[in-house]
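Contents: one structure, followed by commentary.
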Protein chains: 2
Amino acid sequence: MRYFKKLIIILLLSVTQLAHADDGYRLWLKFDLVANIQQRNSYAQKCQFIYSDNQEVITKTAQKELQAGLSGLLGKKILILTNPAGKKGGIILQVIQNEQTNQLAEDGFSIREENQNIVIRSRTASGVLYGSFAFLRQLQSGSSIAQINITDSPKIKYRMLNHWDNPLGTIERGYAGSSLWKWYELPEVIDQRYIDYARANASIGINAVVLNNVNASARFLTKEYIVKVKALADVFRPYGIKVFLSLNFAAPKLLGGAKNSDPMAPEVRNWWKNVTKEIYAAIPDFGGYLVKANSEGEPGPQDFGRTHADGANMLAEAVAPYKGIVIWRAFVYAADPKGDRFKEAYKDFKPLDGTFASNVLVQVKNGPIDFQSREPFHPLFGAMPKTPLAMEFQLTQEYLGFSTNLVYEAPLFKECLESDTYSNGKGSTVAKIVDGSIDNHSLTAIAGVANTGSDRNWTGHLMSQANWYAFGRLAWNHSLSSEQIASEWIKVSLTQEPKAVATIQDLMMKSREIYVDFTTPLGLHHVMGQNIHFGPEPWLEKSARPDWTAIYYHRADSVGLGFDRTAQGSNALGLYAKEVQTQWGNPDTCPLPYLLWFHHVSWNKKLSSGKTLWNEFSSRYYAGVQSVEWMQKQWNSVQSSIDPQIFADVSGRLAAQHREALNWRDACVLYFQQYSKQAIPAPYQAPSRTLDEMKEIVRIYQLK
Amino acid sequence: MRYFKKLIIILLLSVTQLAHADDGYRLWLKFDLVANIQQRNSYAQKCQFIYSDNQEVITKTAQKELQAGLSGLLGKKILILTNPAGKKGGIILQVIQNEQTNQLAEDGFSIREENQNIVIRSRTASGVLYGSFAFLRQLQSGSSIAQINITDSPKIKYRMLNHWDNPLGTIERGYAGSSLWKWYELPEVIDQRYIDYARANASIGINAVVLNNVNASARFLTKEYIVKVKALADVFRPYGIKVFLSLNFAAPKLLGGAKNSDPMAPEVRNWWKNVTKEIYAAIPDFGGYLVKANSEGEPGPQDFGRTHADGANMLAEAVAPYKGIVIWRAFVYAADPKGDRFKEAYKDFKPLDGTFASNVLVQVKNGPIDFQSREPFHPLFGAMPKTPLAMEFQLTQEYLGFSTNLVYEAPLFKECLESDTYSNGKGSTVAKIVDGSIDNHSLTAIAGVANTGSDRNWTGHLMSQANWYAFGRLAWNHSLSSEQIASEWIKVSLTQEPKAVATIQDLMMKSREIYVDFTTPLGLHHVMGQNIHFGPEPWLEKSARPDWTAIYYHRADSVGLGFDRTAQGSNALGLYAKEVQTQWGNPDTCPLPYLLWFHHVSWNKKLSSGKTLWNEFSSRYYAGVQSVEWMQKQWNSVQSSIDPQIFADVSGRLAAQHREALNWRDACVLYFQQYSKQAIPAPYQAPSRTLDEMKEIVRIYQLK
């Protein structure tokens with residue numbers, strides 16, 4: 001007994017240290033002991049063992065994950081049986097094709113109580129894995145599993161993360177440390193994080209990963225690197241995740257000694273076939289290629305007078321024998337000082353509709369410019385019915401305050417997905433374009449530019465874990481609400497205390513609008529600091545390209561503010577369906593969030609809010625800063641329900657966000673005040689700092 | 001009882017997970033329960049409480065560290081008493097100036113049993129902190145503390161890490177992830193790693209840190225960044241660590257709007273005084289500045305026709321009122337295709353001896369070129385008796401195989417420190433120049449370019465933790481042997497099993513020579529891949545500067561190999577004392593490790609080994625690869641004594657090292673064989689790969 005007591009003290013010391021310092025590494029896969037003993041017992045009764053007769057490696061993963069999760073939640077080791085011999089009270093995993101599973105989409109699953117066992121069933125092993133994680137989530141979030149009966153199917157086939165990770169370990173637009181992939185150490189060293197990364201993805205249904213930056217190094221196509229990529233693919237395969245590579249279109253010349261990389265040249269086409277064969281020899285389930293071509297200096301088929309379709313189809317031919325796919329990015333824009341960047345991708349791609357091979361997707365960013373805090377949906381959605389379009393969202397907060405700003409992105413994603421393109425009549429939402437239901441495409445994909453890095457908590461800002469989570473959940477089922485996903489995430493990641501859940505959910509739901517208010521209200525866009533994209537720089541007049549400045553977009557003058565994209569202006573509005581044009585085309589009725597995207601509005605124009613443009617616009621900055629203070633207060637109110645280390649970390653970041661919000665506010669109101677020539681509206685007070693001081697603060701962050 | 005049993009199972013589950021997955025984060029500060037119960041009890045008897053009447057913050061740190069360490073080692077909470085009231089069997093920390101402590105250097109300490117208490121005593125609180133860690137190390141390594149009587153003093157005043165960390169989070173020549181410093185998040189967010197970093201440094205006596213890259217951004221001198229630097233200084237202060245900044249010499253122009261940055265211009269001198277005043281207002285114990293000037297494109301006083309001393313003395317004047325110091329780097333070299341880079345720093349700095357202000361140190365790299373795997377000691381050591389010279393070692397493995405090669409660096413450091421400069425007669429070792437004893441300097445410093453990063457285990461290669469540790473221990477006491485430090489580190493970091501300790505120590509001790517053998521044997525140098533410095537590239541003939549190529553250094557031709565630096569050649573040898581010249585000047589007696597540093601040697605010359613140059617040289621590559629295989633075997637033999645995660649990680653890295661060693665071997669023997677025109681000597685076989693294949697492999701790692 002004495003020995004036991006001593007042992008307990010020793011063990012308590014270790015565990016207490018653990019419990020009081022949650023560094024966020026475990027993400028939403030915590031599986032801490034269920035605190036409510038009654039509930040724990042009721043779970044335990046139904047989770048006495050795990051069994052499957054399916055021998056696929058992914059099913060074995062599901063069993064292991066269930067075992068680890070349940071053992072943590074229930075505080076005792078749950079056995080995986082090799083023969084259940086009529087036992088009851090366990091969990092059975094079934095991979096089976098039958099009448100019931102045929103109702104499900106590929107990788108869909110059901111979870112039901114049958115004959116006093118809980119049966120997780122799918123046509124595929126991946127489906128069983130997703131079902132297992134869904135089941136664990138019920139227990140994690142404290143839901144009842146009595147008479148459980150869940151059926152769920154993914155709406156989109158490829159649910160992908162795109163990593164903009166460079167071969168030497170930096171991440172383009174990454175704010176959470178360095179790359180997860182240690183290319184020098186591969187293939188020999190397998191970092192535990194590779195496995196935990198795969199677990200996290202599988203748990204939310206992500207099934208595809210592009211490992212390297214779209215500004216791609218050709219090195220990934222060499223023997224030297226294929227063995228490294230294979231090592232990662234081998235780690236991810238048991239979690240149902242396929243590996244893709246971004247490629248450098250000039251690789252045949254760069255690597256192969258070909259004269260050039262013309263997609264119509266037989267030697268080039270052969271080169272790609274050979275390289276592709278080598279990759280598939282190493283990685284039989286390799287997913288395919290992602291391509292950024294003729295964009296921002298990257299090579300592409302236009303270098304040889306060919307079209308994007310020529311380039312994509314050449315690659316499609318190379319991967320077709322292996323059932324691979326090609327994802328071709330539509331993010332292209334020529335440098336035309338007289339033009340409107342808004343229209344560039346449409347101009348290049350719309351005419352190519354119907355010319356792409358059947359295993360090609362065109363990947364389109366959610367908006368026409370570049371992941372601004374708010375954009376109208378991209379006009380290509382609905383404009384290319386013969387081509388499957390993949391959605392590209394950005395999880396990493398390039399324009400959303402890096403890792404110091406709390407911005408829950410699900411409302412941004414939803415806003416786009418629910419936008420109506422009217423391409424096939426009312427209800428032709430972007431979501432239905434992407435999931436293939438409007439235009440009958442079975443090849444469908446959605447991509448998130450990853451926000452992961454080597455930071456211990458994966459995403460820098462702990463609350464940004466919710467964006468990774470939300471992306472996965474929406475990629476699976478875009479009809480989930482932002483509220484629902486937030487609530488789910490909070491319960492498995494932060495707390496189940498009802499008041500705290502409600503408070504944090506409310507704060508998350510408002511966070512993106514708050515960020516918009518203190519940075520780019522009313523549809524202002526692209527006024528961030530140049531190159532690094534940190535902080536405000538509305539005064540940016542010169543850059544390597546006119547469409548990299550701020551003035552190109554905001555067009556402030558003594559009359560007013562905003563980019564006229566009506567027929568009187570660039571007529572970018574004309575790219576949308578008539579119904580959309582009607583919504584957004586009239587400055588009197590255009591919703592305020594989109595106003596400055598489409599109209600040059602007089603400073604004195606009375607808006608639907610009852611205030612003039614200047615008053616509404618400048619007030620938003622002040623209200624935004626106040627809302628950050630509100631977020632700080634709300635966060636403080638949940639302190640007792642949150643792990644202390646997580647609480648302190650998020651508190652610190654909210655304080656940093658407040659400092660940055662003040663910078664945005666002062667810089668922007670002072671800058672635009674030069675044009676409006678009007679006072680800051682009451683009750684707000686003019687900034688105590690000068691515009692020159694604000695310029696200097698921004699400049700400091702751009703010094704070498 | 002039943003409850004206890006259940007609890008134990010639950011706790012064991014957690015702790016077992018912990019115990020079986022050592023991710024290396026805790027470094028040498030593990031403080032796991034002492035397994036031998038008898039020994040634990042004997043320790044516990046003498047460690048029943050902790051007490052100090054000293055109220056300094058650093059003494060409080062010592063108490064807390066003792067408490068945490070002892071509680072872990074002994075498995076029970078050890079109390080910090082506010083009044084020991086005559087109690088015995090405890091640990092007393094005394095900060096006191098008396099006859100005994102006056103014998104110690106500043107920050108020296110004694111640990112003795114007195115009146116049945118263990119008294120850790122020093123003149124300073126920092127000394128008590130170092131003594132506390134030294135005491136903990138005794139317990140960690142299983143040493144007896146009966147009649148403990150230890151006295152120890154540091155030989156060098158500033159024991160520094162230099163971080164080549166950039167403001168956006170990358171690290172120049174870093175191979176362990178991104179920077180520890182999250183500048184965007186500071187000052188609001190205090191990462192737990194900042195604290196653990198400080199703990200690790202303090203535990204080995206490191207007391208100064210330069211936070212930013214010597215290729216410095218001026219931003220660190222702005223108000224915006226000073227508050228960030230202050231936040232780190234506030235974290236480090238309780239651990240006795242002072243913060244320094246690298247500065248950009250052009251800052252007055254870049255930041256202040258000064259016409260230029262001429263150190264003789266009154267406005268420039270005032271600018272520096274004002275900035276320095278601001279820094280000290282925020283950080284009263286700020287250490288001072290580190291400067292890389294007129295080197296590799298950085299600005300400096302020579303831009304205005306001034307000397308390095310002019311620049312250094314201007315800054316010295318600015319920091320002098322606050323007892324700050326200036327550390328001026330001697331790493332300068334003009335691009336002279338006809339010259340010898342070996343001589344450049346000497347040429348610039350030797351004439352300035354005696355002209356530097358009294359609070360200036362000149363920081364000199366260990367060798368004359370740039371941290372090669374072996375260099376002769378820098379000729380400036382011993383050549384500037386009127387100037388305190390700081391030693392600059394490189395911990396990060398820029399030229400030592402990044403984070404995939406196991407290279408224990410203590411033998412490299414010791415080789416340099418024990419080199420005899422003969423500057424003041426025999427025994428004028430580099431160590432005695434650096435510690436000030438030869439030339440009577442009380443201002444002394446030694447710097448290590450840090451190998452730390454955001455990787456969970458801090459240093460990428462777990463075994464590289466030993467290099468951080470060894471640097472700290474040698475900075476404190478350069479007379480410690482490499483063997484002793486290795487053994488100490490192994491016991492507190494890996495295992496105390498005697499056979500495993502001996503095996504790993506042996507492997508570590510040989511590791512650097514093995515690396516030299518398969519990369520640059522016999523004094524070959526600077527033949528690594530350009531820019532990234534990865535892998536071999538002896539064929540590099542053209543670069544932005546001639547002294548950035550490989551052929552500039554190896555001078556291979558049909559006659560032989562090596563750089564003639566005798567009087568017949570560049571006469572760099574003439575920079576050394578006569579005795580050194582005698583040692584190295586004759587190719588017949590020059591020690592083989594330095595041979596090609598100083599002589600162009602005929603391929604057929606018979607060496608002291610009995611082999612011809614070609615046979616010895618090419619054999620070394622083969623022997624080096626075989627030795628890596630030997631390291632793998634040795635490591636495998638200790639598997640049962642090592643944590644499984646650490647074992648697997650190091651095993652993987654050794655396998656990667658083997659692959660890289662084969663690349664070095666094949667590339668170098670094939671390349672130099674073109675000149676020797678001789679066969680690979682028996683029993684070795686010619687590589688199965690061609691030189692072109694080797695060139696392609698190296699090129700792949702240099703692609704965009």
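Each chain of the structure tokens is named A, B, ... in the order shown, its residues numbered from 1; ligands are numbered from 1 in display order.
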Residues of chain A within 7 Å of chain B, only C-alpha atoms counted, as an mmCIF file with C-alpha atoms, in the first residue's frame:
data_model
loop_
_atom_site.group_PDB
_atom_site.id
_atom_site.type_symbol
_atom_site.label_atom_id
_atom_site.label_comp_id
_atom_site.auth_asym_id
_atom_site.auth_seq_id
_atom_site.Cartn_x
_atom_site.Cartn_y
_atom_site.Cartn_z
ATOM 1 C CA ILE A 8 0.818 7.399 -7.252
ATOM 2 C CA ILE A 10 5.315 10.060 -8.565
ATOM 3 C CA LEU A 11 2.900 9.372 -11.368
ATOM 4 C CA SER A 14 4.294 13.596 -14.147
ATOM 5 C CA VAL A 15 0.688 13.610 -15.236
ATOM 6 C CA GLY A 75 -8.998 5.113 -18.950
ATOM 7 C CA LYS A 76 -8.433 1.471 -19.745
ATOM 8 C CA GLY A 177 7.555 27.769 -38.309
ATOM 9 C CA SER A 178 9.283 25.799 -40.999
ATOM 10 C CA GLU A 185 16.661 13.723 -43.724
ATOM 11 C CA GLU A 188 15.988 7.577 -43.826
ATOM 12 C CA VAL A 189 14.463 9.581 -40.967
ATOM 13 C CA SER A 217 11.504 23.077 -57.752
ATOM 14 C CA ALA A 218 12.138 20.581 -60.514
ATOM 15 C CA ARG A 219 14.138 18.496 -58.045
ATOM 16 C CA THR A 404 -1.247 36.955 -34.425
ATOM 17 C CA SER A 454 6.856 23.006 -37.405
ATOM 18 C CA ASP A 455 5.468 25.086 -34.530
ATOM 19 C CA ASP A 649 -0.917 31.959 -25.538
ATOM 20 C CA GLY A 652 -0.947 37.177 -25.874
ATOM 21 C CA ARG A 653 -1.932 36.869 -29.508
ATOM 22 C CA ALA A 655 -2.987 41.617 -27.404
ATOM 23 C CA ALA A 656 -0.718 41.554 -30.459
ATOM 24 C CA ILE A 700 10.350 48.880 -40.312
ATOM 25 C CA LEU A 703 13.646 46.441 -43.860
ATOM 26 C CA LYS A 704 16.141 43.765 -44.860
#
**Study point:** region 541-552 of chain B environment, 7 Å, only C-alpha atoms, sequence neighbours closer than 2 positions dropped, as a VMD selection string
**Key:** chain B and resid 335 337 341 526 to 527 538 to 539 554 to 555
Include N, CA, C and O atoms and write out the residues we just selected as a PDB file, in the first residue's frame.
ATOM      1  N   ALA B 335      38.021  40.465 -52.295  1.00  0.00           N
ATOM      2  CA  ALA B 335      37.983  39.505 -53.407  1.00  0.00           C
ATOM      3  C   ALA B 335      39.179  39.742 -54.312  1.00  0.00           C
ATOM      4  O   ALA B 335      39.109  40.503 -55.255  1.00  0.00           O
ATOM      5  N   PRO B 337      41.676  37.791 -56.730  1.00  0.00           N
ATOM      6  CA  PRO B 337      41.936  36.495 -57.375  1.00  0.00           C
ATOM      7  C   PRO B 337      43.401  36.081 -57.262  1.00  0.00           C
ATOM      8  O   PRO B 337      43.728  34.907 -57.293  1.00  0.00           O
ATOM      9  N   ARG B 341      42.953  34.397 -49.473  1.00  0.00           N
ATOM     10  CA  ARG B 341      41.949  34.788 -48.475  1.00  0.00           C
ATOM     11  C   ARG B 341      42.438  34.521 -47.053  1.00  0.00           C
ATOM     12  O   ARG B 341      42.039  35.227 -46.115  1.00  0.00           O
ATOM     13  N   HIS B 526      37.297  23.657 -48.362  1.00  0.00           N
ATOM     14  CA  HIS B 526      36.442  24.503 -49.195  1.00  0.00           C
ATOM     15  C   HIS B 526      36.135  23.881 -50.550  1.00  0.00           C
ATOM     16  O   HIS B 526      36.246  24.531 -51.588  1.00  0.00           O
ATOM     17  N   VAL B 527      35.673  22.629 -50.523  1.00  0.00           N
ATOM     18  CA  VAL B 527      35.278  21.971 -51.769  1.00  0.00           C
ATOM     19  C   VAL B 527      33.803  21.561 -51.707  1.00  0.00           C
ATOM     20  O   VAL B 527      33.354  20.687 -52.419  1.00  0.00           O
ATOM     21  N   PRO B 538      33.941  19.773 -55.773  1.00  0.00           N
ATOM     22  CA  PRO B 538      35.340  20.154 -56.029  1.00  0.00           C
ATOM     23  C   PRO B 538      35.536  20.721 -57.424  1.00  0.00           C
ATOM     24  O   PRO B 538      36.530  21.395 -57.682  1.00  0.00           O
ATOM     25  N   TRP B 539      34.571  20.459 -58.316  1.00  0.00           N
ATOM     26  CA  TRP B 539      34.678  20.933 -59.697  1.00  0.00           C
ATOM     27  C   TRP B 539      34.233  22.381 -59.866  1.00  0.00           C
ATOM     28  O   TRP B 539      34.259  22.913 -60.963  1.00  0.00           O
ATOM     29  N   HIS B 554      41.828  24.032 -53.779  1.00  0.00           N
ATOM     30  CA  HIS B 554      42.507  22.718 -53.834  1.00  0.00           C
ATOM     31  C   HIS B 554      43.655  22.693 -54.831  1.00  0.00           C
ATOM     32  O   HIS B 554      44.591  21.940 -54.670  1.00  0.00           O
ATOM     33  N   ARG B 555      43.588  23.554 -55.872  1.00  0.00           N
ATOM     34  CA  ARG B 555      44.679  23.714 -56.829  1.00  0.00           C
ATOM     35  C   ARG B 555      45.167  22.400 -57.435  1.00  0.00           C
ATOM     36  O   ARG B 555      46.377  22.198 -57.655  1.00  0.00           O
TER      37      ARG B 555
END
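For Glu409 (chain A), the non-local neighbours within 9 Å, defined as residues at least 5 positions apart in the same chain or in other chains and counting only C-alpha atoms, are Leu395, Lys414, Ser464, Ala466, Asn467, Ala470, Phe471, Ser482, Met508, Met509, Ser511 and Arg512 of chain A.
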Given the selection you just returned, output its residues as a file containing N, CA, C and O atoms, formatted as a CSV table (one decimal), in the first residue's frame.
chain,number,residue,atom,x,y,z
A,395,LEU,N,-5.9,28.5,-46.2
A,395,LEU,CA,-6.0,28.4,-44.7
A,395,LEU,C,-4.9,29.3,-44.0
A,395,LEU,O,-5.2,30.0,-43.0
A,414,LYS,N,-17.8,29.6,-46.3
A,414,LYS,CA,-19.2,29.4,-46.5
A,414,LYS,C,-19.8,30.5,-47.4
A,414,LYS,O,-20.7,30.2,-48.3
A,464,SER,N,-6.1,28.9,-34.9
A,464,SER,CA,-6.1,28.6,-36.4
A,464,SER,C,-6.2,27.1,-36.6
A,464,SER,O,-6.4,26.7,-37.8
A,466,ALA,N,-8.6,25.6,-35.8
A,466,ALA,CA,-10.0,25.5,-36.2
A,466,ALA,C,-10.2,25.7,-37.7
A,466,ALA,O,-11.1,25.2,-38.2
A,467,ASN,N,-9.3,26.4,-38.3
A,467,ASN,CA,-9.4,26.6,-39.8
A,467,ASN,C,-9.0,25.4,-40.5
A,467,ASN,O,-9.6,25.0,-41.5
A,470,ALA,N,-12.0,23.1,-39.8
A,470,ALA,CA,-13.2,23.6,-40.6
A,470,ALA,C,-13.1,23.3,-42.0
A,470,ALA,O,-14.0,22.8,-42.7
A,471,PHE,N,-11.9,23.4,-42.6
A,471,PHE,CA,-11.7,23.1,-44.0
A,471,PHE,C,-12.0,21.7,-44.2
A,471,PHE,O,-12.7,21.3,-45.2
A,482,SER,N,-21.1,27.0,-40.2
A,482,SER,CA,-19.9,27.5,-39.5
A,482,SER,C,-20.0,27.3,-38.0
A,482,SER,O,-19.1,27.0,-37.3
A,508,MET,N,-15.6,33.4,-32.3
A,508,MET,CA,-15.1,32.9,-33.5
A,508,MET,C,-16.0,33.4,-34.7
A,508,MET,O,-15.4,33.8,-35.7
A,509,MET,N,-17.3,33.3,-34.5
A,509,MET,CA,-18.2,33.6,-35.6
A,509,MET,C,-18.0,35.1,-36.0
A,509,MET,O,-18.2,35.4,-37.2
A,511,SER,N,-15.2,36.9,-35.7
A,511,SER,CA,-13.8,37.3,-35.8
A,511,SER,C,-13.5,37.7,-37.2
A,511,SER,O,-12.7,38.7,-37.4
A,512,ARG,N,-14.0,37.1,-38.2
A,512,ARG,CA,-13.6,37.5,-39.6
A,512,ARG,C,-14.1,38.8,-39.9
A,512,ARG,O,-13.4,39.6,-40.5
Practice item. Might you pull out every residue within 12 Å of Gln103 (chain A), with only C-alpha atoms counted and same-chain residues fewer than 2 positions away left off, and present them as an NGL selection string? Key: :A and (97-101 or 105-110 or 121-123 or 151-153)
**Study point:** Spatial neighbours of region 430-446 of chain A, 7 Å, only C-alpha atoms, chain gap at least 3 places, as a count of residues only
**Key:** 22
